[in-house]
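Structure file target-v7.csv; described as CSV, C-alpha atoms and all ligand atoms.
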```
chain,number,residue,atom,x,y,z
A,1,MET,CA,-59.7,-123.4,-143.9
A,2,SER,CA,-62.6,-125.8,-144.2
A,3,ALA,CA,-65.1,-126.8,-141.5
A,4,VAL,CA,-64.1,-129.4,-139.0
A,5,LEU,CA,-66.3,-131.1,-136.3
A,6,TYR,CA,-64.6,-132.0,-133.0
A,7,ARG,CA,-66.5,-134.7,-131.1
A,8,ARG,CA,-66.4,-136.2,-127.6
A,9,ALA,CA,-64.8,-133.2,-125.9
A,10,ARG,CA,-65.1,-131.7,-122.5
A,11,LEU,CA,-65.6,-128.0,-123.0
A,12,LEU,CA,-64.7,-125.3,-120.4
A,13,SER,CA,-67.5,-122.8,-120.3
A,14,VAL,CA,-66.6,-119.5,-118.7
A,15,SER,CA,-69.2,-117.1,-117.5
A,16,PRO,CA,-68.3,-113.4,-117.5
A,17,ALA,CA,-71.4,-112.4,-115.6
A,18,ASP,CA,-70.4,-114.2,-112.3
A,19,SER,CA,-66.8,-115.3,-113.0
A,20,SER,CA,-67.8,-119.0,-112.7
A,21,VAL,CA,-66.7,-121.9,-114.9
A,22,SER,CA,-68.3,-125.2,-115.7
A,23,VAL,CA,-67.4,-128.2,-117.8
A,24,ILE,CA,-69.7,-129.5,-120.5
A,25,ASN,CA,-69.2,-133.3,-120.9
A,26,ASN,CA,-69.8,-135.1,-124.2
A,27,ALA,CA,-69.5,-131.9,-126.1
A,28,ALA,CA,-68.9,-131.0,-129.7
A,29,LEU,CA,-67.2,-128.0,-131.3
A,30,LEU,CA,-67.7,-127.0,-134.9
A,31,LEU,CA,-65.1,-124.7,-136.4
A,32,ASP,CA,-65.2,-123.0,-139.8
A,33,ASP,CA,-62.6,-120.6,-141.1
A,34,GLY,CA,-61.2,-119.7,-137.7
A,35,VAL,CA,-64.6,-119.1,-136.1
A,36,ILE,CA,-66.7,-121.2,-133.8
A,37,ARG,CA,-70.0,-122.2,-135.4
A,38,PHE,CA,-71.2,-124.5,-132.6
A,39,ALA,CA,-69.9,-125.2,-129.1
A,40,GLY,CA,-72.0,-127.2,-126.6
A,41,SER,CA,-73.5,-130.6,-125.7
A,42,SER,CA,-73.4,-133.0,-128.6
A,43,ALA,CA,-77.1,-133.7,-128.0
A,44,ASP,CA,-77.8,-130.1,-129.0
A,45,LEU,CA,-75.8,-130.2,-132.2
A,46,PRO,CA,-78.1,-129.6,-135.2
A,47,ARG,CA,-77.7,-132.6,-137.6
A,48,ARG,CA,-77.9,-130.3,-140.7
A,49,LEU,CA,-74.6,-128.6,-139.6
A,50,THR,CA,-72.6,-131.8,-139.5
A,51,ARG,CA,-73.6,-133.7,-142.7
A,52,LYS,CA,-70.4,-134.8,-144.6
A,53,LEU,CA,-68.0,-132.9,-142.3
A,54,PRO,CA,-64.7,-134.3,-141.4
A,55,SER,CA,-64.6,-135.0,-137.7
A,56,VAL,CA,-62.0,-135.5,-135.0
A,57,ASP,CA,-62.5,-137.6,-131.8
A,58,LEU,CA,-61.1,-135.7,-128.9
A,59,LYS,CA,-61.4,-138.6,-126.5
A,60,GLN,CA,-62.9,-136.5,-123.7
A,61,GLN,CA,-59.9,-134.2,-123.5
A,62,LEU,CA,-60.5,-130.8,-121.9
A,63,ILE,CA,-60.9,-127.8,-124.3
A,64,THR,CA,-60.5,-124.2,-123.2
A,65,PRO,CA,-60.5,-120.9,-125.0
A,66,GLY,CA,-57.1,-119.7,-126.0
A,67,PHE,CA,-55.7,-117.4,-123.2
A,68,ILE,CA,-55.2,-113.7,-123.5
A,69,ASP,CA,-52.3,-111.9,-121.8
A,70,CYS,CA,-53.8,-108.4,-121.6
A,71,HIS,CA,-50.9,-106.4,-120.1
A,72,THR,CA,-47.3,-106.8,-121.3
A,73,HIS,CA,-44.3,-104.8,-122.2
A,74,ALA,CA,-42.9,-107.6,-124.2
A,75,VAL,CA,-41.0,-105.5,-126.7
A,76,PHE,CA,-37.7,-104.2,-125.3
A,77,ALA,CA,-33.9,-104.6,-125.9
A,78,GLY,CA,-31.4,-105.9,-123.4
A,79,ASN,CA,-32.5,-107.0,-119.9
A,80,ARG,CA,-31.8,-106.2,-116.3
A,81,ALA,CA,-30.4,-109.5,-115.0
A,82,HIS,CA,-27.2,-107.7,-113.8
A,83,GLU,CA,-29.4,-105.3,-111.7
A,84,PHE,CA,-31.1,-108.3,-110.2
A,85,ALA,CA,-27.7,-109.7,-109.2
A,86,GLN,CA,-26.7,-106.2,-107.8
A,87,ARG,CA,-29.9,-106.0,-105.7
A,88,LEU,CA,-29.2,-109.5,-104.3
A,89,ALA,CA,-25.7,-108.2,-103.3
A,90,GLY,CA,-27.3,-105.3,-101.4
A,91,ALA,CA,-27.7,-102.5,-103.9
A,92,SER,CA,-30.9,-100.4,-103.6
A,93,TYR,CA,-33.2,-99.4,-106.4
A,94,VAL,CA,-31.9,-95.8,-105.8
A,95,ASP,CA,-28.3,-96.9,-106.0
A,96,ILE,CA,-29.0,-98.6,-109.3
A,97,ALA,CA,-31.0,-95.7,-110.8
A,98,LYS,CA,-28.2,-93.3,-109.8
A,99,ALA,CA,-25.7,-95.4,-111.7
A,100,GLY,CA,-27.8,-95.1,-114.8
A,101,GLY,CA,-29.7,-98.4,-114.3
A,102,GLY,CA,-33.4,-99.1,-113.9
A,103,ILE,CA,-35.9,-98.1,-116.6
A,104,GLN,CA,-33.4,-95.6,-118.2
A,105,SER,CA,-31.1,-98.5,-119.1
A,106,THR,CA,-34.0,-100.2,-120.9
A,107,VAL,CA,-34.8,-97.0,-122.6
A,108,ARG,CA,-31.2,-96.5,-123.8
A,109,SER,CA,-31.0,-100.0,-125.3
A,110,THR,CA,-34.6,-100.0,-126.7
A,111,ALA,CA,-34.5,-96.5,-128.2
A,112,GLY,CA,-31.2,-97.4,-129.9
A,113,SER,CA,-32.5,-100.6,-131.5
A,114,SER,CA,-33.9,-101.3,-135.0
A,115,VAL,CA,-37.3,-102.8,-135.6
A,116,ALA,CA,-35.6,-106.0,-136.6
A,117,THR,CA,-33.6,-106.2,-133.4
A,118,LEU,CA,-36.7,-105.5,-131.3
A,119,VAL,CA,-38.6,-108.3,-133.1
A,120,ARG,CA,-35.7,-110.7,-132.7
A,121,ASP,CA,-35.5,-110.1,-129.0
A,122,ALA,CA,-39.3,-110.1,-128.4
A,123,LEU,CA,-40.0,-113.3,-130.3
A,124,PRO,CA,-38.8,-115.8,-127.8
A,125,ARG,CA,-40.8,-114.1,-125.1
A,126,LEU,CA,-44.0,-114.3,-127.2
A,127,LEU,CA,-43.3,-117.9,-128.1
A,128,ALA,CA,-42.9,-118.7,-124.4
A,129,LEU,CA,-46.3,-117.1,-123.7
A,130,ARG,CA,-47.8,-119.1,-126.7
A,131,ALA,CA,-46.4,-122.4,-125.4
A,132,ASP,CA,-48.2,-121.6,-122.1
A,133,GLY,CA,-51.6,-121.2,-123.8
A,134,VAL,CA,-51.6,-117.5,-124.8
A,135,ARG,CA,-53.3,-116.8,-128.2
A,136,GLY,CA,-53.9,-113.1,-127.8
A,137,VAL,CA,-51.5,-110.5,-126.3
A,138,GLU,CA,-51.4,-106.8,-125.5
A,139,ILE,CA,-48.0,-105.2,-126.1
A,140,LYS,CA,-47.2,-101.7,-124.9
A,141,SER,CA,-44.6,-99.2,-126.2
A,142,GLY,CA,-43.1,-96.8,-123.7
A,143,TYR,CA,-39.3,-97.5,-123.7
A,144,GLY,CA,-38.6,-95.4,-126.8
A,145,LEU,CA,-39.6,-91.9,-125.4
A,146,SER,CA,-39.2,-90.2,-128.8
A,147,PHE,CA,-41.6,-90.3,-131.8
A,148,ALA,CA,-39.2,-92.4,-133.9
A,149,ALA,CA,-38.4,-94.9,-131.2
A,150,GLU,CA,-42.0,-95.4,-130.0
A,151,LYS,CA,-43.0,-95.9,-133.7
A,152,ARG,CA,-40.3,-98.6,-134.0
A,153,MET,CA,-41.6,-100.3,-130.8
A,154,LEU,CA,-45.2,-100.4,-132.2
A,155,LEU,CA,-44.0,-101.7,-135.5
A,156,ALA,CA,-42.0,-104.4,-133.7
A,157,ALA,CA,-45.1,-105.3,-131.6
A,158,SER,CA,-47.1,-106.0,-134.8
A,159,ALA,CA,-44.3,-108.0,-136.5
A,160,ALA,CA,-43.3,-110.1,-133.5
A,161,ALA,CA,-46.9,-111.0,-132.7
A,162,LYS,CA,-47.5,-112.0,-136.3
A,163,GLN,CA,-44.4,-114.2,-136.3
A,164,ALA,CA,-45.5,-115.8,-133.0
A,165,ASN,CA,-49.0,-116.3,-134.5
A,166,LEU,CA,-50.7,-114.3,-131.8
A,167,ARG,CA,-53.5,-111.7,-132.1
A,168,VAL,CA,-52.2,-108.4,-130.8
A,169,GLN,CA,-53.4,-105.1,-129.3
A,170,ARG,CA,-50.7,-102.4,-129.7
A,171,THR,CA,-50.9,-99.9,-126.9
A,172,TYR,CA,-49.1,-96.6,-127.0
A,173,LEU,CA,-47.8,-96.1,-123.5
A,174,GLY,CA,-47.0,-92.4,-124.1
A,175,LEU,CA,-46.5,-91.3,-120.5
A,176,HIS,CA,-44.4,-94.1,-119.0
A,177,ALA,CA,-41.1,-92.4,-118.1
A,178,LEU,CA,-39.5,-89.0,-118.6
A,179,PRO,CA,-36.5,-88.9,-121.0
A,180,ALA,CA,-33.3,-88.5,-119.0
A,181,GLU,CA,-32.6,-85.2,-120.7
A,182,CYS,CA,-35.8,-83.6,-119.4
A,183,LYS,CA,-34.5,-82.2,-116.2
A,184,THR,CA,-36.4,-78.9,-115.9
A,185,PRO,CA,-40.2,-78.3,-115.4
A,186,ARG,CA,-40.2,-76.6,-118.8
A,187,ALA,CA,-38.6,-79.7,-120.5
A,188,ARG,CA,-41.1,-81.9,-118.8
A,189,LYS,CA,-44.0,-79.8,-120.0
A,190,ALA,CA,-42.7,-79.8,-123.6
A,191,PHE,CA,-42.3,-83.7,-123.5
A,192,VAL,CA,-45.9,-84.2,-122.3
A,193,HIS,CA,-47.1,-81.7,-124.9
A,194,ALA,CA,-45.3,-83.5,-127.7
A,195,VAL,CA,-46.7,-86.9,-126.6
A,196,CYS,CA,-50.3,-85.7,-126.4
A,197,GLY,CA,-50.4,-83.0,-129.1
A,198,GLU,CA,-48.1,-84.4,-131.8
A,199,TRP,CA,-46.9,-88.0,-131.4
A,200,LEU,CA,-50.2,-89.7,-130.5
A,201,PRO,CA,-52.1,-88.1,-133.4
A,202,LYS,CA,-49.3,-89.0,-135.8
A,203,LEU,CA,-48.9,-92.6,-134.6
A,204,HIS,CA,-52.7,-93.0,-134.7
A,205,ALA,CA,-52.8,-91.7,-138.3
A,206,LEU,CA,-50.2,-94.3,-139.2
A,207,GLY,CA,-52.6,-97.0,-137.9
A,208,LEU,CA,-50.2,-98.2,-135.1
A,209,VAL,CA,-52.3,-97.4,-132.0
A,210,ASP,CA,-55.1,-99.7,-130.8
A,211,ALA,CA,-55.2,-98.2,-127.3
A,212,ILE,CA,-53.3,-95.7,-125.1
A,213,ASP,CA,-51.9,-96.0,-121.6
A,214,ALA,CA,-50.0,-94.0,-119.0
A,215,PHE,CA,-48.3,-94.4,-115.6
A,216,LEU,CA,-50.1,-92.3,-113.1
A,217,GLU,CA,-48.0,-92.3,-109.9
A,218,ASN,CA,-45.8,-90.1,-107.7
A,219,ILE,CA,-42.8,-91.3,-109.6
A,220,GLY,CA,-44.6,-91.3,-112.9
A,221,PHE,CA,-47.0,-88.7,-114.3
A,222,SER,CA,-49.6,-86.5,-112.6
A,223,SER,CA,-53.3,-86.6,-113.1
A,224,ILE,CA,-53.1,-83.2,-114.9
A,225,GLU,CA,-50.6,-84.7,-117.4
A,226,VAL,CA,-52.5,-87.9,-117.8
A,227,ARG,CA,-55.7,-86.0,-118.5
A,228,GLN,CA,-54.0,-84.3,-121.5
A,229,LEU,CA,-53.2,-87.7,-123.0
A,230,PHE,CA,-56.8,-89.0,-122.3
A,231,ASP,CA,-58.3,-85.8,-123.8
A,232,THR,CA,-56.4,-86.5,-127.1
A,233,ALA,CA,-57.3,-90.2,-127.0
A,234,ARG,CA,-61.0,-89.4,-126.5
A,235,ARG,CA,-61.0,-86.9,-129.3
A,236,LEU,CA,-59.4,-89.6,-131.6
A,237,ARG,CA,-61.7,-92.3,-130.2
A,238,ILE,CA,-58.8,-94.4,-129.0
A,239,PRO,CA,-59.5,-96.9,-126.2
A,240,ILE,CA,-57.9,-95.9,-122.8
A,241,LYS,CA,-56.0,-98.0,-120.2
A,242,LEU,CA,-54.1,-96.8,-117.1
A,243,HIS,CA,-51.4,-98.0,-114.8
A,244,ALA,CA,-53.1,-96.9,-111.6
A,245,GLU,CA,-52.7,-97.3,-107.8
A,246,GLN,CA,-49.6,-99.5,-108.0
A,247,LEU,CA,-47.4,-97.8,-105.4
A,248,SER,CA,-49.9,-95.3,-103.9
A,249,ASN,CA,-53.4,-94.1,-104.2
A,250,SER,CA,-53.7,-91.2,-106.7
A,251,GLU,CA,-57.4,-91.9,-107.5
A,252,GLY,CA,-56.2,-92.9,-111.0
A,253,ALA,CA,-58.9,-95.5,-111.5
A,254,ALA,CA,-61.6,-92.9,-110.8
A,255,LEU,CA,-59.9,-90.6,-113.3
A,256,ALA,CA,-59.8,-93.4,-115.9
A,257,ALA,CA,-63.5,-94.1,-115.2
A,258,GLN,CA,-64.3,-90.5,-116.1
A,259,TYR,CA,-63.0,-91.3,-119.6
A,260,CYS,CA,-64.8,-94.7,-119.8
A,261,ALA,CA,-61.4,-96.5,-119.9
A,262,LEU,CA,-61.3,-100.2,-120.7
A,263,SER,CA,-59.2,-101.0,-117.6
A,264,ALA,CA,-57.1,-99.8,-114.7
A,265,ASP,CA,-54.1,-102.1,-114.0
A,266,HIS,CA,-52.1,-103.0,-110.9
A,267,LEU,CA,-54.5,-101.5,-108.3
A,268,GLU,CA,-52.8,-102.6,-105.0
A,269,TYR,CA,-53.7,-99.1,-103.5
A,270,LEU,CA,-57.2,-98.9,-105.1
A,271,SER,CA,-59.6,-97.0,-102.9
A,272,PRO,CA,-63.3,-97.8,-102.2
A,273,ARG,CA,-64.1,-94.8,-104.3
A,274,GLY,CA,-62.0,-96.2,-107.1
A,275,VAL,CA,-63.8,-99.6,-107.0
A,276,ARG,CA,-67.2,-97.9,-107.2
A,277,ALA,CA,-66.1,-95.7,-110.1
A,278,MET,CA,-64.7,-98.7,-112.0
A,279,ARG,CA,-68.0,-100.5,-111.5
A,280,ALA,CA,-70.1,-97.5,-112.7
A,281,ALA,CA,-67.9,-97.2,-115.8
A,282,ASN,CA,-68.0,-101.0,-116.6
A,283,MET,CA,-64.2,-101.2,-116.4
A,284,THR,CA,-62.0,-104.2,-115.9
A,285,ALA,CA,-59.4,-104.5,-113.1
A,286,VAL,CA,-56.2,-106.0,-114.4
A,287,LEU,CA,-54.2,-107.8,-111.7
A,288,LEU,CA,-50.5,-108.2,-112.1
A,289,PRO,CA,-49.2,-110.5,-109.4
A,290,GLY,CA,-45.7,-110.9,-111.1
A,291,ALA,CA,-44.9,-107.2,-110.3
A,292,PHE,CA,-46.4,-107.6,-106.8
A,293,TYR,CA,-44.0,-110.5,-106.2
A,294,CYS,CA,-40.8,-109.0,-107.7
A,295,LEU,CA,-41.3,-105.7,-105.8
A,296,LYS,CA,-42.0,-107.7,-102.6
A,297,GLU,CA,-45.2,-105.6,-102.2
A,298,LYS,CA,-47.1,-106.1,-99.1
A,299,LYS,CA,-50.4,-104.3,-99.9
A,300,LEU,CA,-52.9,-106.5,-101.6
A,301,PRO,CA,-55.4,-105.2,-104.2
A,302,PRO,CA,-58.9,-105.0,-102.7
A,303,ILE,CA,-60.1,-108.3,-104.1
A,304,LYS,CA,-63.2,-108.6,-101.8
A,305,ALA,CA,-64.4,-105.1,-102.7
A,306,LEU,CA,-63.9,-105.8,-106.5
A,307,ARG,CA,-65.7,-109.1,-106.1
A,308,LYS,CA,-68.6,-107.5,-104.1
A,309,HIS,CA,-69.0,-104.7,-106.7
A,310,ARG,CA,-68.7,-107.2,-109.6
A,311,VAL,CA,-65.8,-105.5,-111.2
A,312,PRO,CA,-64.4,-108.2,-113.6
A,313,MET,CA,-60.8,-109.1,-112.7
A,314,ALA,CA,-58.3,-110.0,-115.4
A,315,VAL,CA,-54.9,-111.6,-114.7
A,316,SER,CA,-51.8,-110.8,-116.7
A,317,THR,CA,-48.0,-111.3,-116.7
A,318,ASP,CA,-47.0,-107.6,-117.0
A,319,LEU,CA,-44.0,-109.2,-118.8
A,320,ASN,CA,-41.3,-106.5,-118.6
A,321,PRO,CA,-37.5,-106.4,-118.0
A,322,GLY,CA,-37.7,-104.6,-114.6
A,323,THR,CA,-40.4,-105.5,-112.3
A,324,SER,CA,-41.9,-108.6,-113.8
A,325,PRO,CA,-39.7,-110.7,-116.1
A,326,LEU,CA,-42.5,-113.3,-116.2
A,327,SER,CA,-43.4,-115.1,-119.4
A,328,SER,CA,-45.8,-117.7,-118.1
A,329,ILE,CA,-49.5,-116.8,-117.9
A,330,ARG,CA,-50.1,-120.0,-115.9
A,331,LEU,CA,-47.7,-118.8,-113.2
A,332,ALA,CA,-49.4,-115.4,-113.2
A,333,MET,CA,-52.7,-117.3,-112.6
A,334,HIS,CA,-51.1,-119.4,-109.8
A,335,MET,CA,-49.8,-116.2,-108.2
A,336,ALA,CA,-53.1,-114.5,-108.5
A,337,CYS,CA,-54.6,-117.4,-106.5
A,338,THR,CA,-51.9,-117.8,-103.9
A,339,PHE,CA,-51.1,-114.1,-103.3
A,340,PHE,CA,-54.4,-112.4,-104.0
A,341,GLY,CA,-56.9,-115.1,-103.1
A,342,LEU,CA,-58.6,-115.6,-106.4
A,343,SER,CA,-60.4,-118.9,-106.9
A,344,VAL,CA,-59.5,-121.2,-109.8
A,345,ALA,CA,-62.6,-120.1,-111.6
A,346,GLU,CA,-61.7,-116.4,-111.2
A,347,ALA,CA,-58.2,-117.1,-112.5
A,348,LEU,CA,-59.5,-119.0,-115.5
A,349,CYS,CA,-62.0,-116.1,-116.3
A,350,GLY,CA,-59.1,-113.7,-115.6
A,351,VAL,CA,-57.1,-114.9,-118.7
A,352,THR,CA,-60.1,-115.6,-120.9
A,353,CYS,CA,-63.4,-113.6,-120.9
A,354,HIS,CA,-62.3,-110.8,-118.5
A,355,ALA,CA,-58.9,-110.4,-120.3
A,356,ALA,CA,-60.8,-110.1,-123.6
A,357,LYS,CA,-63.0,-107.4,-122.0
A,358,ALA,CA,-59.8,-105.5,-120.7
A,359,LEU,CA,-58.8,-105.2,-124.4
A,360,GLY,CA,-62.3,-104.5,-125.8
A,361,TRP,CA,-62.2,-107.8,-127.7
A,362,SER,CA,-65.8,-109.0,-128.0
A,363,ASP,CA,-65.0,-112.2,-130.1
A,364,MET,CA,-62.3,-113.9,-128.0
A,365,GLY,CA,-62.1,-115.6,-124.6
A,366,GLN,CA,-65.1,-117.9,-124.7
A,367,LEU,CA,-66.1,-121.1,-126.5
A,368,ARG,CA,-69.2,-119.7,-128.1
A,369,GLU,CA,-70.8,-119.4,-131.5
A,370,GLY,CA,-69.2,-116.5,-133.5
A,371,PHE,CA,-66.1,-116.4,-131.3
A,372,ASP,CA,-62.4,-116.9,-132.3
A,373,ALA,CA,-61.6,-120.6,-132.8
A,374,ASN,CA,-58.1,-120.5,-131.2
A,375,ALA,CA,-58.9,-123.1,-128.6
A,376,LEU,CA,-56.6,-125.2,-126.4
A,377,VAL,CA,-56.5,-128.9,-125.7
A,378,TRP,CA,-55.3,-130.1,-122.3
A,379,ALA,CA,-54.4,-133.6,-121.3
A,380,ILE,CA,-55.6,-133.1,-117.7
A,381,ASP,CA,-58.7,-134.2,-115.7
A,382,ASP,CA,-59.5,-131.2,-113.6
A,383,PRO,CA,-59.5,-127.6,-114.9
A,384,ALA,CA,-57.8,-126.7,-111.6
A,385,GLU,CA,-54.7,-128.4,-112.9
A,386,ILE,CA,-54.2,-125.6,-115.3
A,387,VAL,CA,-53.5,-123.3,-112.3
A,388,TYR,CA,-52.1,-125.9,-109.9
A,389,TRP,CA,-49.0,-127.2,-111.7
A,390,LEU,CA,-45.9,-125.0,-111.6
A,391,GLY,CA,-43.6,-125.1,-114.6
A,392,SER,CA,-44.2,-126.3,-118.1
A,393,LEU,CA,-45.8,-129.7,-117.3
A,394,HIS,CA,-49.1,-130.3,-119.1
A,395,ALA,CA,-48.6,-127.5,-121.6
A,396,PRO,CA,-51.6,-127.2,-123.9
A,397,VAL,CA,-51.7,-127.9,-127.7
A,398,SER,CA,-53.7,-126.0,-130.3
A,399,LEU,CA,-57.1,-127.5,-131.1
A,400,SER,CA,-56.3,-126.9,-134.8
A,401,ASP,CA,-53.2,-129.2,-134.4
A,402,CYS,CA,-55.5,-132.2,-133.5
A,403,ALA,CA,-56.5,-134.2,-136.5
B,1,ZN,ZN,-47.2,-102.4,-117.0
```

Show how you would write the structure in this file as C-alpha cells.
Amino acid sequence: MSAVLYRRARLLSVSPADSSVSVINNAALLLDDGVIRFAGSSADLPRRLTRKLPSVDLKQQLITPGFIDCHTHAVFAGNRAHEFAQRLAGASYVDIAKAGGGIQSTVRSTAGSSVATLVRDALPRLLALRADGVRGVEIKSGYGLSFAAEKRMLLAASAAAKQANLRVQRTYLGLHALPAECKTPRARKAFVHAVCGEWLPKLHALGLVDAIDAFLENIGFSSIEVRQLFDTARRLRIPIKLHAEQLSNSEGAALAAQYCALSADHLEYLSPRGVRAMRAANMTAVLLPGAFYCLKEKKLPPIKALRKHRVPMAVSTDLNPGTSPLSSIRLAMHMACTFFGLSVAEALCGVTCHAAKALGWSDMGQLREGFDANALVWAIDDPAEIVYWLGSLHAPVSLSDCA
C-alpha cells in the first residue's frame, strides 16, 4: 500500500491521560503502509512529507480511530433464544439450568463443533461489529472445556477475525465453567489442574494464546483456583485478564492487581480496596453494560471512585449467547452513558485508547504518528452523535475506502 494524504478533515483526538476528547479542524492525515505518519492540523504538516503524494479531500468529515471491542465471547455454536423466550414465559435461570440449559447448552453445542462451523457462526457477529466501527476485537475461548475443543475455539477466533478483517486478541478463558461431568471435589481439582498445568502450556506452545482469563465468582472459580492459572500465566509471561466482581465482591480485582493484570472486567461489586489496587497496578476497568442490562442488575460499578482514582474505563459488548447477545459497540457505549453515567468523551475513550490499553495494544486506538491506520469516517457533525443515535443510522466507513 502506498502513501496517501487525507486533507480537510476533522480529527477526533482522544486523550488517555484524562479521558477527554477534542476535535482538530482543518486537519490532515498521512497514511503509509497501514501506519499513520502524520495526524494533526494541516498548518503543522511538513511540506517535505507531502510532495507528489496522492491526496483525498475529506470535506471536513469527522475521522476517529477504529474502535476496539476488548471483551467478547464471539465464538460459539447455537444460541439461547429459546431460553430467552422461556424466561419471558416465567421460567427461572435455575429451572433452565436444571433442564440442561444455560452455559452447559452452549458448551455442548460449541464443544461438538468443528473449526469450520465455529468460524461460519462467528463471522456474521464479527461483521456486525465491524459495520458498527470495530476494527480490533478480543475473543475468548471458554465454551470448549477440553483441550481439543478449546484449541478449536482459539483457531476459529483467529480464522473468523481474519475473514472479518479485524485485528484480534485470542484469550484462553481456561476457568470459565466446570464440565458437567465434574461432579466431585476430586474431579473439579483434576480439571483445574489440567487447565493450569497441561492445557495452557500446550496451547501457548502452539501460539494460540495472547492472554488468559478466568471467572472468579461464587458460581465460578475460587481465588485459590484462579491463582493457579495466574501462576502458570506469569511463568509463561502471558498477559492476564479477569472476570471480577460481577455478581458479588470476591476481591478479584485486587488479586488480579497482584499479578499486574491488564484488566478486570464487569466490576459492579468492585470495592474501594479493589479500585485502589487497580490504580496501583495500572490496570484498566472494562465495563460491560450489555450484561448489566440483560441480567437486570441493579448494582452499578463504582464509576465515581474509578474516575477519582484515574483508573481508565474501557467499554465493551461482552458479546455472548447467554447474558449479552449484543453485537453493537455503539449500543454498548450508549448503555455505558445512560446506565453507568459515563460522559460522551469517556465512552469514546472507552472504545479507543482505553480499550487498546485493556488489551496491551500500544499502537491502536489513537490518531497519532506510528499508530494503526484503521480510521473511521463519520458523516455527522458532533462526535456525540456516535453515542446518541440508536440503531445502525450513520454507520461509519473505513478511511481507506475514501478515494
Ligand atoms: Zn465475559

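Those residues positioned at most 10 Å from (-59.5, -117.1, -110.8) are A:Ser19, A:Ser20, A:Val21, A:Met313, A:Ala314, A:Val315, A:Met333, A:His334, A:Ala336, A:Cys337, A:Phe340, A:Gly341, A:Leu342, A:Ser343, A:Val344, A:Ala345, A:Glu346, A:Ala347, A:Leu348, A:Cys349, A:Gly350, A:Val351, A:Ala384, A:Val387, judged using all atoms listed in the file.
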
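You will find atom CA of Leu247 of chain A at 29.1 Å from atom CA of Gly391 of chain A.
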
Which residues of chain A come within 12 Å of ligand ZN 1 (chain B), and for each one, what is the closest pair of atoms and their distance in Å to one decimal, counting only C-alpha atoms and all ligand atoms, sorted by chain and residue number, as a tab-separated table?
```
residue	atom	partner	partner_atom	distance
A:Asp69	CA	B:ZN1	ZN	11.8
A:Cys70	CA	B:ZN1	ZN	10.0
A:His71	CA	B:ZN1	ZN	6.3
A:Thr72	CA	B:ZN1	ZN	6.2
A:His73	CA	B:ZN1	ZN	6.4
A:Ala74	CA	B:ZN1	ZN	9.9
A:Val75	CA	B:ZN1	ZN	11.9
A:Glu138	CA	B:ZN1	ZN	10.5
A:Ile139	CA	B:ZN1	ZN	9.6
A:Lys140	CA	B:ZN1	ZN	7.9
A:Ser141	CA	B:ZN1	ZN	10.1
A:Gly142	CA	B:ZN1	ZN	9.6
A:Tyr143	CA	B:ZN1	ZN	11.5
A:Thr171	CA	B:ZN1	ZN	10.9
A:Tyr172	CA	B:ZN1	ZN	11.7
A:Leu173	CA	B:ZN1	ZN	9.1
A:Leu175	CA	B:ZN1	ZN	11.7
A:His176	CA	B:ZN1	ZN	9.0
A:Ala177	CA	B:ZN1	ZN	11.8
A:Asp213	CA	B:ZN1	ZN	9.2
A:Ala214	CA	B:ZN1	ZN	9.1
A:Phe215	CA	B:ZN1	ZN	8.2
A:Leu216	CA	B:ZN1	ZN	11.2
A:Lys241	CA	B:ZN1	ZN	10.3
A:Leu242	CA	B:ZN1	ZN	8.9
A:His243	CA	B:ZN1	ZN	6.5
A:Ala244	CA	B:ZN1	ZN	9.7
A:Glu245	CA	B:ZN1	ZN	11.9
A:Gln246	CA	B:ZN1	ZN	9.8
A:Ala264	CA	B:ZN1	ZN	10.5
A:Asp265	CA	B:ZN1	ZN	7.5
A:His266	CA	B:ZN1	ZN	7.8
A:Leu267	CA	B:ZN1	ZN	11.4
A:Val286	CA	B:ZN1	ZN	10.0
A:Leu287	CA	B:ZN1	ZN	10.3
A:Leu288	CA	B:ZN1	ZN	8.3
A:Pro289	CA	B:ZN1	ZN	11.3
A:Gly290	CA	B:ZN1	ZN	10.5
A:Ala291	CA	B:ZN1	ZN	8.6
A:Phe292	CA	B:ZN1	ZN	11.5
A:Ser316	CA	B:ZN1	ZN	9.6
A:Thr317	CA	B:ZN1	ZN	8.9
A:Asp318	CA	B:ZN1	ZN	5.2
A:Leu319	CA	B:ZN1	ZN	7.7
A:Asn320	CA	B:ZN1	ZN	7.4
A:Pro321	CA	B:ZN1	ZN	10.5
A:Gly322	CA	B:ZN1	ZN	10.0
A:Thr323	CA	B:ZN1	ZN	8.8
A:Ser324	CA	B:ZN1	ZN	8.8
A:Pro325	CA	B:ZN1	ZN	11.2
A:Leu326	CA	B:ZN1	ZN	11.9
```

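Each of A:Leu208, A:Ser327, A:Val23, A:Leu29 was compared to Ala122 of chain A using only C-alpha atoms, and A:Ser327 turns out to be the nearest.
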
Tell me, as a ChimeraX atom specification, which residues lie within 10 Å of Leu255 of chain A, counting all atoms listed in the file; anything in the same chain fewer than 5 positions away does not count.
-> /A:216,223,226-227,230,242,244,250,260-261,264,274,277-278

Go ahead and find all residues with at least one atom no further than 12 Å from (-59.3, -121.9, -128.1) in the file's coordinates, using only C-alpha atoms; report them as a PyMOL selection string.
-> chain A and resi 11-13+29-31+34-36+39+62-68+130+133-136+351-353+363-368+371-378+396-401

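With atom CA of Ser222 of chain A on one side and atom CA of Val107 of chain A on the other, the separation reads 20.7 Å.
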
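As for atom CA of Val275 of chain A and atom CA of Leu306 of chain A, they are spaced 6.2 Å apart.
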
Could you model N, CA and C atoms for segment 299-303 of chain A and present them as an mmCIF file, keeping the file's coordinate frame?
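Full text of result_5.cif as output:
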```cif
data_model
loop_
_atom_site.group_PDB
_atom_site.id
_atom_site.type_symbol
_atom_site.label_atom_id
_atom_site.label_comp_id
_atom_site.auth_asym_id
_atom_site.auth_seq_id
_atom_site.Cartn_x
_atom_site.Cartn_y
_atom_site.Cartn_z
ATOM 1 N N LYS A 299 -48.946 -104.716 -99.833
ATOM 2 C CA LYS A 299 -50.400 -104.300 -99.900
ATOM 3 C C LYS A 299 -51.056 -105.067 -101.012
ATOM 4 N N LEU A 300 -52.158 -105.689 -100.633
ATOM 5 C CA LEU A 300 -52.900 -106.500 -101.600
ATOM 6 C C LEU A 300 -53.962 -105.636 -102.296
ATOM 7 N N PRO A 301 -54.245 -105.906 -103.574
ATOM 8 C CA PRO A 301 -55.400 -105.200 -104.200
ATOM 9 C C PRO A 301 -56.679 -105.610 -103.490
ATOM 10 N N PRO A 302 -57.674 -104.724 -103.463
ATOM 11 C CA PRO A 302 -58.900 -105.000 -102.700
ATOM 12 C C PRO A 302 -59.824 -105.985 -103.390
ATOM 13 N N ILE A 303 -59.416 -107.247 -103.356
ATOM 14 C CA ILE A 303 -60.100 -108.300 -104.100
ATOM 15 C C ILE A 303 -61.587 -108.431 -103.641
#
```
